[in-house]
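To be precise, the following lines are model.cif, and they hold mmCIF, C-alpha atoms.
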data_data
loop_
_atom_site.label_atom_id
_atom_site.label_comp_id
_atom_site.auth_asym_id
_atom_site.auth_seq_id
_atom_site.Cartn_x
_atom_site.Cartn_y
_atom_site.Cartn_z
CA MET H 157 53.19 31.13 -88.67
CA THR H 158 54.40 30.05 -85.25
CA TYR H 159 53.87 27.16 -82.88
CA LEU H 160 51.61 27.11 -79.85
CA ASN H 161 54.49 26.66 -77.40
CA LEU H 162 56.04 29.94 -78.61
CA MET H 163 52.94 32.04 -77.91
CA VAL H 164 52.47 34.06 -74.73
CA PRO H 165 49.44 33.95 -72.43
CA GLY H 166 46.57 35.99 -73.82
CA GLN H 167 47.44 35.51 -77.49
CA LYS H 168 44.87 34.17 -79.93
CA GLY H 169 45.33 32.32 -83.17
CA LYS H 170 44.02 29.74 -85.58
CA VAL H 171 45.29 26.18 -85.87
CA ILE H 172 46.76 25.68 -89.35
CA GLY H 173 48.26 22.21 -88.97
CA PHE H 174 50.70 19.96 -87.17
CA ALA H 175 54.49 19.62 -87.36
CA ARG H 176 54.35 15.84 -87.83
CA GLU H 177 51.98 12.90 -87.59
CA SER H 178 51.99 10.83 -84.40
CA ARG H 179 49.70 9.26 -81.82
CA ILE H 180 49.83 12.52 -79.86
CA VAL H 181 48.66 14.49 -82.88
CA ARG H 182 45.74 12.10 -83.40
CA ARG H 183 44.77 12.57 -79.75
CA LEU H 184 44.99 16.36 -80.05
CA TYR H 185 42.73 16.13 -83.08
CA GLU H 186 40.21 14.09 -81.06
CA LEU H 187 40.29 16.75 -78.33
CA GLY H 188 39.18 19.38 -80.86
CA ILE H 189 42.50 20.90 -81.85
CA GLN H 190 41.89 20.81 -85.59
CA PRO H 191 42.95 23.01 -88.52
CA GLY H 192 40.72 26.07 -88.81
CA ARG H 193 39.76 26.15 -85.12
CA SER H 194 40.44 29.22 -82.99
CA ILE H 195 42.72 28.74 -79.99
CA VAL H 196 43.51 31.03 -77.06
CA TYR H 197 46.55 30.58 -74.82
CA LEU H 198 45.13 31.22 -71.35
CA ARG H 199 47.97 30.67 -68.89
CA ASN H 200 50.89 28.56 -67.65
CA ALA H 201 51.07 26.44 -64.53
CA PRO H 202 53.36 27.89 -61.82
CA LEU H 203 56.40 25.96 -63.09
CA LYS H 204 55.62 26.80 -66.77
CA ASP H 205 54.37 23.32 -67.69
CA PRO H 206 51.59 22.48 -68.52
CA MET H 207 49.86 25.32 -70.31
CA GLU H 208 46.11 25.94 -70.48
CA VAL H 209 44.42 26.71 -73.79
CA LYS H 210 40.85 27.26 -74.88
CA VAL H 211 39.57 25.65 -78.07
CA GLY H 212 35.95 26.43 -78.79
CA SER H 213 34.20 26.17 -75.44
CA SER H 214 36.67 23.64 -74.02
CA CYS H 215 39.66 24.40 -71.80
CA LEU H 216 42.55 21.95 -72.17
CA THR H 217 45.97 21.58 -70.57
CA LEU H 218 48.91 20.63 -72.76
CA ARG H 219 52.58 20.03 -72.16
CA HIS H 220 54.87 22.41 -74.02
CA ALA H 221 56.27 19.43 -75.96
CA GLU H 222 52.76 18.69 -77.26
CA ALA H 223 52.12 22.36 -78.00
CA ALA H 224 55.32 22.44 -80.10
CA LEU H 225 53.55 20.19 -82.64
CA ILE H 226 50.68 22.64 -83.26
CA ALA H 227 51.24 25.23 -86.01
CA ILE H 228 49.37 28.49 -85.38
CA GLU H 229 48.54 31.58 -87.41
CA LEU H 230 48.39 34.46 -84.93
CA GLU H 231 45.47 36.87 -84.90
CA THR H 232 46.41 40.53 -85.07
#
Show this structure as structure tokens.
Amino acid sequence: MTYLNLMVPGQKGKVIGFARESRIVRRLYELGIQPGRSIVYLRNAPLKDPMEVKVGSSCLTLRHAEAALIAIELET
């Protein structure tokens, strides 16, 4: 298990949960970042923040602080 902010561009994984409950986590859930969903880390912005991820058919941008809340099981 790792967290989304620790992945590198190109890695894939599955969302397994969240580090803690907060308004941000509820919003991430509404955006489709839910346990069991596949997630792909696409790329960073030029200054490393935000990062772009793909969840299902949607591309989202997240701050690294938000990504640190998302627990991931990496695909091998």
_Which residue is closest to Leu198 (chain H)? Choose from H:Ile180, H:Glu231, H:Leu160, H:Lys210 and count all atoms listed in the file._
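Looking at the shortest contact to Leu198 (chain H), the residue is H:Lys210.
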*asked:* With distances taken over all atoms listed in the file, which residue among H:Asn200, H:Thr158, H:Ser213, H:Ser194 lies nearest Lys170 (chain H)?
replied: H:Ser194
*For Val171 (chain H), please output as an MDAnalysis selection string all residues within 10 Å (counting all atoms listed in the file; exclusion window: fewer than 2 positions along the same chain).*
chainID H and resid 157:160 168:169 173:174 189:195 211 226:230
*Nearest to Ala223 (chain H): which of H:Ala175, H:Pro202, H:Gly166, H:Leu187 is it, counting only C-alpha atoms?*
H:Ala175
*Expressed in Å to a single decimal, how great is the separation between CA of Leu203 (chain H) and CA of Gly188 (chain H)?*
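Interatomic distance, CA of Leu203 (chain H) to CA of Gly188 (chain H): 25.6 Å.
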_Could you tell me how far CA of Met163 (chain H) sits from CA of Tyr197 (chain H), in Å to one decimal place?_
7.2 Å
*At what distance in Å, to one decimal, does CA of Thr232 (chain H) lie from CA of Ala201 (chain H)?*
25.3 Å
*Quick one: which residues end up in the PyMOL selection byres ((chain H and resi 204) around 12) for this structure, as a PyMOL selection string?*
chain H and resi 161+164-165+199-203+205-208+217-221
Set up a box along x, y and z of the file covering all listed atoms of region 175-179 of chain H, add 6 Å on every one of the six sides, and write the centre and edge lengths in Å to one decimal, as JSON.
{"center_x": 52.1, "center_y": 14.4, "center_z": -84.8, "size_x": 16.8, "size_y": 22.4, "size_z": 18.0}
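Nearest to Leu225 (chain H) of all the residues H:Val181, H:Val196, H:Gly212, H:Glu186 is H:Val181, counting all atoms listed in the file.
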Using the partial input, fill out region 177-212 of chain H with N, CA and C atoms; write the result as a PDB file, in the coordinates of the input.
ATOM      1  N   GLU H 177      53.055  13.827 -87.946  1.00  0.00           N
ATOM      2  CA  GLU H 177      51.980  12.900 -87.590  1.00  0.00           C
ATOM      3  C   GLU H 177      52.472  11.948 -86.502  1.00  0.00           C
ATOM      4  N   SER H 178      51.660  11.762 -85.476  1.00  0.00           N
ATOM      5  CA  SER H 178      51.990  10.830 -84.400  1.00  0.00           C
ATOM      6  C   SER H 178      50.718  10.496 -83.631  1.00  0.00           C
ATOM      7  N   ARG H 179      50.853   9.594 -82.669  1.00  0.00           N
ATOM      8  CA  ARG H 179      49.700   9.260 -81.820  1.00  0.00           C
ATOM      9  C   ARG H 179      49.240  10.481 -81.048  1.00  0.00           C
ATOM     10  N   ILE H 180      50.184  11.309 -80.614  1.00  0.00           N
ATOM     11  CA  ILE H 180      49.830  12.520 -79.860  1.00  0.00           C
ATOM     12  C   ILE H 180      49.003  13.451 -80.730  1.00  0.00           C
ATOM     13  N   VAL H 181      49.397  13.611 -81.978  1.00  0.00           N
ATOM     14  CA  VAL H 181      48.660  14.490 -82.880  1.00  0.00           C
ATOM     15  C   VAL H 181      47.251  13.966 -83.101  1.00  0.00           C
ATOM     16  N   ARG H 182      47.089  12.672 -83.243  1.00  0.00           N
ATOM     17  CA  ARG H 182      45.740  12.100 -83.400  1.00  0.00           C
ATOM     18  C   ARG H 182      44.893  12.385 -82.166  1.00  0.00           C
ATOM     19  N   ARG H 183      45.497  12.291 -80.991  1.00  0.00           N
ATOM     20  CA  ARG H 183      44.770  12.570 -79.750  1.00  0.00           C
ATOM     21  C   ARG H 183      44.394  14.051 -79.658  1.00  0.00           C
ATOM     22  N   LEU H 184      45.300  14.933 -80.041  1.00  0.00           N
ATOM     23  CA  LEU H 184      44.990  16.360 -80.050  1.00  0.00           C
ATOM     24  C   LEU H 184      43.818  16.643 -80.986  1.00  0.00           C
ATOM     25  N   TYR H 185      43.814  15.987 -82.123  1.00  0.00           N
ATOM     26  CA  TYR H 185      42.730  16.130 -83.080  1.00  0.00           C
ATOM     27  C   TYR H 185      41.400  15.690 -82.456  1.00  0.00           C
ATOM     28  N   GLU H 186      41.413  14.585 -81.729  1.00  0.00           N
ATOM     29  CA  GLU H 186      40.210  14.090 -81.060  1.00  0.00           C
ATOM     30  C   GLU H 186      39.720  15.054 -79.982  1.00  0.00           C
ATOM     31  N   LEU H 187      40.647  15.782 -79.370  1.00  0.00           N
ATOM     32  CA  LEU H 187      40.290  16.750 -78.330  1.00  0.00           C
ATOM     33  C   LEU H 187      39.732  18.048 -78.907  1.00  0.00           C
ATOM     34  N   GLY H 188      39.744  18.187 -80.229  1.00  0.00           N
ATOM     35  CA  GLY H 188      39.180  19.380 -80.860  1.00  0.00           C
ATOM     36  C   GLY H 188      40.189  20.347 -81.413  1.00  0.00           C
ATOM     37  N   ILE H 189      41.470  20.033 -81.294  1.00  0.00           N
ATOM     38  CA  ILE H 189      42.500  20.900 -81.850  1.00  0.00           C
ATOM     39  C   ILE H 189      42.683  20.487 -83.310  1.00  0.00           C
ATOM     40  N   GLN H 190      41.945  21.172 -84.186  1.00  0.00           N
ATOM     41  CA  GLN H 190      41.890  20.810 -85.590  1.00  0.00           C
ATOM     42  C   GLN H 190      42.159  22.041 -86.445  1.00  0.00           C
ATOM     43  N   PRO H 191      42.709  21.864 -87.640  1.00  0.00           N
ATOM     44  CA  PRO H 191      42.950  23.010 -88.520  1.00  0.00           C
ATOM     45  C   PRO H 191      41.678  23.826 -88.731  1.00  0.00           C
ATOM     46  N   GLY H 192      41.848  25.158 -88.642  1.00  0.00           N
ATOM     47  CA  GLY H 192      40.720  26.070 -88.810  1.00  0.00           C
ATOM     48  C   GLY H 192      40.084  26.515 -87.504  1.00  0.00           C
ATOM     49  N   ARG H 193      40.350  25.809 -86.413  1.00  0.00           N
ATOM     50  CA  ARG H 193      39.760  26.150 -85.120  1.00  0.00           C
ATOM     51  C   ARG H 193      40.526  27.274 -84.447  1.00  0.00           C
ATOM     52  N   SER H 194      39.814  28.151 -83.765  1.00  0.00           N
ATOM     53  CA  SER H 194      40.440  29.220 -82.990  1.00  0.00           C
ATOM     54  C   SER H 194      40.974  28.648 -81.689  1.00  0.00           C
ATOM     55  N   ILE H 195      42.095  29.198 -81.229  1.00  0.00           N
ATOM     56  CA  ILE H 195      42.720  28.740 -79.990  1.00  0.00           C
ATOM     57  C   ILE H 195      43.225  29.959 -79.235  1.00  0.00           C
ATOM     58  N   VAL H 196      43.051  29.940 -77.924  1.00  0.00           N
ATOM     59  CA  VAL H 196      43.510  31.030 -77.060  1.00  0.00           C
ATOM     60  C   VAL H 196      44.425  30.429 -76.005  1.00  0.00           C
ATOM     61  N   TYR H 197      45.595  31.005 -75.856  1.00  0.00           N
ATOM     62  CA  TYR H 197      46.550  30.580 -74.820  1.00  0.00           C
ATOM     63  C   TYR H 197      46.153  31.317 -73.553  1.00  0.00           C
ATOM     64  N   LEU H 198      45.637  30.594 -72.570  1.00  0.00           N
ATOM     65  CA  LEU H 198      45.130  31.220 -71.350  1.00  0.00           C
ATOM     66  C   LEU H 198      46.219  31.495 -70.322  1.00  0.00           C
ATOM     67  N   ARG H 199      46.957  30.470 -69.926  1.00  0.00           N
ATOM     68  CA  ARG H 199      47.970  30.670 -68.890  1.00  0.00           C
ATOM     69  C   ARG H 199      48.862  29.437 -68.748  1.00  0.00           C
ATOM     70  N   ASN H 200      49.969  29.638 -67.990  1.00  0.00           N
ATOM     71  CA  ASN H 200      50.890  28.560 -67.650  1.00  0.00           C
ATOM     72  C   ASN H 200      50.634  28.115 -66.220  1.00  0.00           C
ATOM     73  N   ALA H 201      51.028  26.903 -65.916  1.00  0.00           N
ATOM     74  CA  ALA H 201      51.070  26.440 -64.530  1.00  0.00           C
ATOM     75  C   ALA H 201      52.233  27.172 -63.846  1.00  0.00           C
ATOM     76  N   PRO H 202      52.301  27.158 -62.522  1.00  0.00           N
ATOM     77  CA  PRO H 202      53.360  27.890 -61.820  1.00  0.00           C
ATOM     78  C   PRO H 202      54.786  27.557 -62.265  1.00  0.00           C
ATOM     79  N   LEU H 203      55.050  26.334 -62.648  1.00  0.00           N
ATOM     80  CA  LEU H 203      56.400  25.960 -63.090  1.00  0.00           C
ATOM     81  C   LEU H 203      56.521  25.930 -64.610  1.00  0.00           C
ATOM     82  N   LYS H 204      55.629  26.636 -65.309  1.00  0.00           N
ATOM     83  CA  LYS H 204      55.620  26.800 -66.770  1.00  0.00           C
ATOM     84  C   LYS H 204      55.088  25.611 -67.563  1.00  0.00           C
ATOM     85  N   ASP H 205      54.867  24.473 -66.945  1.00  0.00           N
ATOM     86  CA  ASP H 205      54.370  23.320 -67.690  1.00  0.00           C
ATOM     87  C   ASP H 205      53.381  22.575 -66.809  1.00  0.00           C
ATOM     88  N   PRO H 206      52.179  22.319 -67.196  1.00  0.00           N
ATOM     89  CA  PRO H 206      51.590  22.480 -68.520  1.00  0.00           C
ATOM     90  C   PRO H 206      51.027  23.879 -68.741  1.00  0.00           C
ATOM     91  N   MET H 207      50.500  24.070 -69.941  1.00  0.00           N
ATOM     92  CA  MET H 207      49.860  25.320 -70.310  1.00  0.00           C
ATOM     93  C   MET H 207      48.372  25.057 -70.505  1.00  0.00           C
ATOM     94  N   GLU H 208      47.550  26.080 -70.292  1.00  0.00           N
ATOM     95  CA  GLU H 208      46.110  25.940 -70.480  1.00  0.00           C
ATOM     96  C   GLU H 208      45.695  26.726 -71.709  1.00  0.00           C
ATOM     97  N   VAL H 209      44.918  26.074 -72.575  1.00  0.00           N
ATOM     98  CA  VAL H 209      44.420  26.710 -73.790  1.00  0.00           C
ATOM     99  C   VAL H 209      42.912  26.517 -73.867  1.00  0.00           C
ATOM    100  N   LYS H 210      42.288  27.388 -74.653  1.00  0.00           N
ATOM    101  CA  LYS H 210      40.850  27.260 -74.880  1.00  0.00           C
ATOM    102  C   LYS H 210      40.633  27.059 -76.371  1.00  0.00           C
ATOM    103  N   VAL H 211      39.925  25.980 -76.689  1.00  0.00           N
ATOM    104  CA  VAL H 211      39.570  25.650 -78.070  1.00  0.00           C
ATOM    105  C   VAL H 211      38.062  25.525 -78.095  1.00  0.00           C
ATOM    106  N   GLY H 212      37.408  26.406 -78.822  1.00  0.00           N
ATOM    107  CA  GLY H 212      35.950  26.430 -78.790  1.00  0.00           C
ATOM    108  C   GLY H 212      35.491  26.774 -77.395  1.00  0.00           C
TER     109      GLY H 212
END
